[in-house]
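Presented below is the structure to which this report refers.
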Amino acid sequence: MSTHRSFFNRRLHSLLGVIPVGFFLLEHLWTNYHATQGAAAFEEKVNWLWDIPFLAVLEIFFIFLPLMYHGVYGLYIAFTAQNNVGNFGTFRNVMFMLQRVTGVITLIFVTIHVWQTRLQVALNDMSAADLSHQTAEVLSNPINVILYLIGIVAAVFHFSNGMWSFLVSWGITVGPRAQRVSTWIWMGVFVLLSYIGIQAMLAFTSPEFTSMLAHR
């Protein structure tokens, strides 16, 4: 029974990492990337999201609860899984280790980020313009910029490498050739999404963005 439960928990953990947690990451990166077009473009996108019907219900049951399960069970896997890097040192074993490390970093980063943004919006009844100011203020600290840079890269790596593992564990990429092709594809996705995330973060620190906020 415990073996069946463990199998179910791992499959659920894997599935939730793609749907909806993975989708949320992609949407979040894309929304924040609008900051590269200025504060008004970012706020327009945020307001569009906030106008979605039953948003609170969607956030709780389709984002936060799945994210909590994926994060907590991921911690269990991270601290109980046997890493074989020291014995074998293969590329895939290194990626296995990095998946666990970035999972822990991502969970810490997301917790801090949600507190600094989404919860502040809810607790203080902030507008999209207030969120722009809040995010720019957080990222005005160089230490926070470094921490966000690490968090973004870790989250994107965890998603991209996790997608490779998802396709293998669900029997989609079975043979060695399919797995090699999948490796290159998800490496490309990692580079692209990292670029989007970093550019979005830097947009909030740009003189143009902060100047727009100052002249309102």
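Convention: chains lettered A, B, ... in structure tokens order; per-chain residue numbering from 1; ligands numbered from 1 as shown.
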Compile the contact shell of Thr106 in chain A as a ChimeraX atom specification: residues with an atom at most 10 Å away, counting only C-alpha atoms, same-chain residues fewer than 4 positions apart removed.
-> /A:71,100-102,110-112,150-159
What are the nearest atom pairs, with distances in Å to one decimal, for all residues of range 29-99 of chain A that come at most 12 Å from range 175-186 of chain A, using only C-alpha atoms, set out by chain and rising residue number as a Markdown table?
```
| residue | atom | partner | partner_atom | distance |
| --- | --- | --- | --- | --- |
| A:Phe91 | CA | A:Thr183 | CA | 10.8 |
| A:Arg92 | CA | A:Thr183 | CA | 9.8 |
| A:Met95 | CA | A:Thr183 | CA | 10.6 |
```
Output for the residues just chosen: C-alpha atoms as a short mmCIF file (atom, residue, chain, number, x, y, z; two decimals), in the first residue's frame:
```cif
data_model
loop_
_atom_site.label_atom_id
_atom_site.label_comp_id
_atom_site.auth_asym_id
_atom_site.auth_seq_id
_atom_site.Cartn_x
_atom_site.Cartn_y
_atom_site.Cartn_z
CA PHE A 91 25.37 14.63 -16.88
CA ARG A 92 21.94 13.32 -15.97
CA MET A 95 20.88 17.44 -13.49
#
```
To one decimal in Å, tell me the separation between CA of Asn47 in chain A and CA of Leu149 in chain A.
-> 25.5 Å
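Atom to atom, CA of Asp51 in chain A and CA of Leu131 in chain A stand 15.4 Å apart.
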Could you tell me which of A:Glu137, A:Val21, A:Gly171, A:Trp164 comes closest to Phe61 in chain A if we count only C-alpha atoms?
-> A:Val21
Residues near Val104 in chain A, cut-off 9 Å, only C-alpha atoms, skip fewer than 4 positions along chain, as a ChimeraX atom specification | /A:71,74-75,78,99-100,108-109
Any chance you could export the current selection's N, CA, C and O atoms as a tab-separated table (two decimals), in the first residue's frame?
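What follows is the written file result.tsv:
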```
chain	number	residue	atom	x	y	z
A	71	GLY	N	5.59	21.95	-3.67
A	71	GLY	CA	6.74	22.41	-2.92
A	71	GLY	C	7.06	21.55	-1.71
A	71	GLY	O	8.22	21.17	-1.49
A	74	GLY	N	8.02	18.12	-2.76
A	74	GLY	CA	9.32	18.26	-3.40
A	74	GLY	C	10.44	18.33	-2.38
A	74	GLY	O	11.53	17.81	-2.62
A	75	LEU	N	10.18	19.01	-1.25
A	75	LEU	CA	11.17	19.04	-0.17
A	75	LEU	C	11.45	17.64	0.36
A	75	LEU	O	12.60	17.28	0.63
A	78	ALA	N	13.59	15.97	-2.10
A	78	ALA	CA	14.94	16.55	-2.12
A	78	ALA	C	15.81	16.01	-0.99
A	78	ALA	O	17.01	15.80	-1.16
A	99	GLN	N	18.18	19.58	-9.90
A	99	GLN	CA	16.72	19.67	-9.82
A	99	GLN	C	16.27	19.79	-8.37
A	99	GLN	O	15.36	20.55	-8.05
A	100	ARG	N	16.91	19.02	-7.49
A	100	ARG	CA	16.56	19.07	-6.07
A	100	ARG	C	17.00	20.40	-5.44
A	100	ARG	O	16.26	21.01	-4.68
A	108	ILE	N	11.80	28.76	-1.62
A	108	ILE	CA	12.12	29.92	-0.77
A	108	ILE	C	11.85	31.22	-1.51
A	108	ILE	O	11.24	32.16	-0.97
A	109	PHE	N	12.29	31.27	-2.76
A	109	PHE	CA	12.12	32.48	-3.57
A	109	PHE	C	10.64	32.81	-3.79
A	109	PHE	O	10.22	33.96	-3.63
```
Pick out each residue of chain A that DSSP on the backbone tags as alpha helix (DSSP H); I need them as a PyMOL selection string.
-> chain A and resi 2-18+21-33+39-50+55-59+65-80+85-88+91-116+118-124+128-138+142-169+176-203+207-214
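The space separating CA of Phe79 in chain A from CA of Gly197 in chain A comes to 28.0 Å.
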Could you produce a table of the residues of range 151-186 of chain A lying within 9 Å of range 13-20 of chain A, with the nearest pair of atoms per residue and their separation in Å rounded to one decimal, using only C-alpha atoms, ordered by chain and increasing residue number, as a tab-separated table?
```
residue	atom	partner	partner_atom	distance
A:Phe159	CA	A:Gly17	CA	7.5
A:Gly162	CA	A:Gly17	CA	7.6
A:Met163	CA	A:Val18	CA	7.2
A:Ser165	CA	A:Ser14	CA	8.5
A:Phe166	CA	A:Ser14	CA	6.3
A:Ser169	CA	A:Ser14	CA	8.6
```
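Closest approach to Asn144 in chain A among A:Ile77, A:Met68, A:Ala214, A:Met201 is made by A:Met201 (distances from only C-alpha atoms).
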Excluding same-chain residues fewer than 5 positions from Ala129 in chain A, what lies within 12 Å of it counting only C-alpha atoms, as a PyMOL selection string?
-> chain A and resi 35+38-47+121+134-136+209-210+212-214+216
Go ahead and dump the residues you just picked, C-alpha atoms, as a CSV table (one decimal), in the first residue's frame.
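To be explicit, this is the file written out as selection.csv:
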```
chain,number,residue,atom,x,y,z
A,35,ALA,CA,7.3,45.9,-17.8
A,38,GLY,CA,6.9,50.5,-19.5
A,39,ALA,CA,4.8,50.8,-16.3
A,40,ALA,CA,1.5,51.4,-18.2
A,41,ALA,CA,1.9,48.2,-20.3
A,42,PHE,CA,2.6,46.2,-17.2
A,43,GLU,CA,-0.3,47.6,-15.2
A,44,GLU,CA,-2.7,47.1,-18.1
A,45,LYS,CA,-1.7,43.4,-18.2
A,46,VAL,CA,-2.1,43.1,-14.4
A,47,ASN,CA,-5.5,44.7,-14.5
A,121,VAL,CA,-1.8,43.6,-2.8
A,134,GLN,CA,6.1,48.1,-4.7
A,135,THR,CA,8.1,45.9,-7.2
A,136,ALA,CA,10.4,48.8,-8.3
A,209,PHE,CA,10.5,52.7,-15.6
A,210,THR,CA,11.2,54.5,-12.4
A,212,MET,CA,7.4,57.0,-15.3
A,213,LEU,CA,6.5,56.2,-11.7
A,214,ALA,CA,8.0,59.4,-10.3
A,216,ARG,CA,2.7,60.4,-11.9
```
Go through A:Ile172, A:Leu67, A:Leu98, A:Ile146 one by one, measure the shortest atom-to-atom distance of each to Leu25 in chain A using only C-alpha atoms, and give the residue with the smallest value.
-> A:Leu67
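Each of A:Phe62, A:His133, A:Ser160, A:Val174 was compared to His215 in chain A using only C-alpha atoms, and A:His133 turns out to be the nearest.
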Among listed residues A:Trp30, A:Phe204, A:Leu49, A:His70, nearest Arg11 in chain A (using only C-alpha atoms) = A:His70
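For the choices A:Thr205, A:Ser194, A:Thr117, A:Asn93, the atom-to-atom distance to Val145 in chain A is smallest for A:Thr205 when using only C-alpha atoms.
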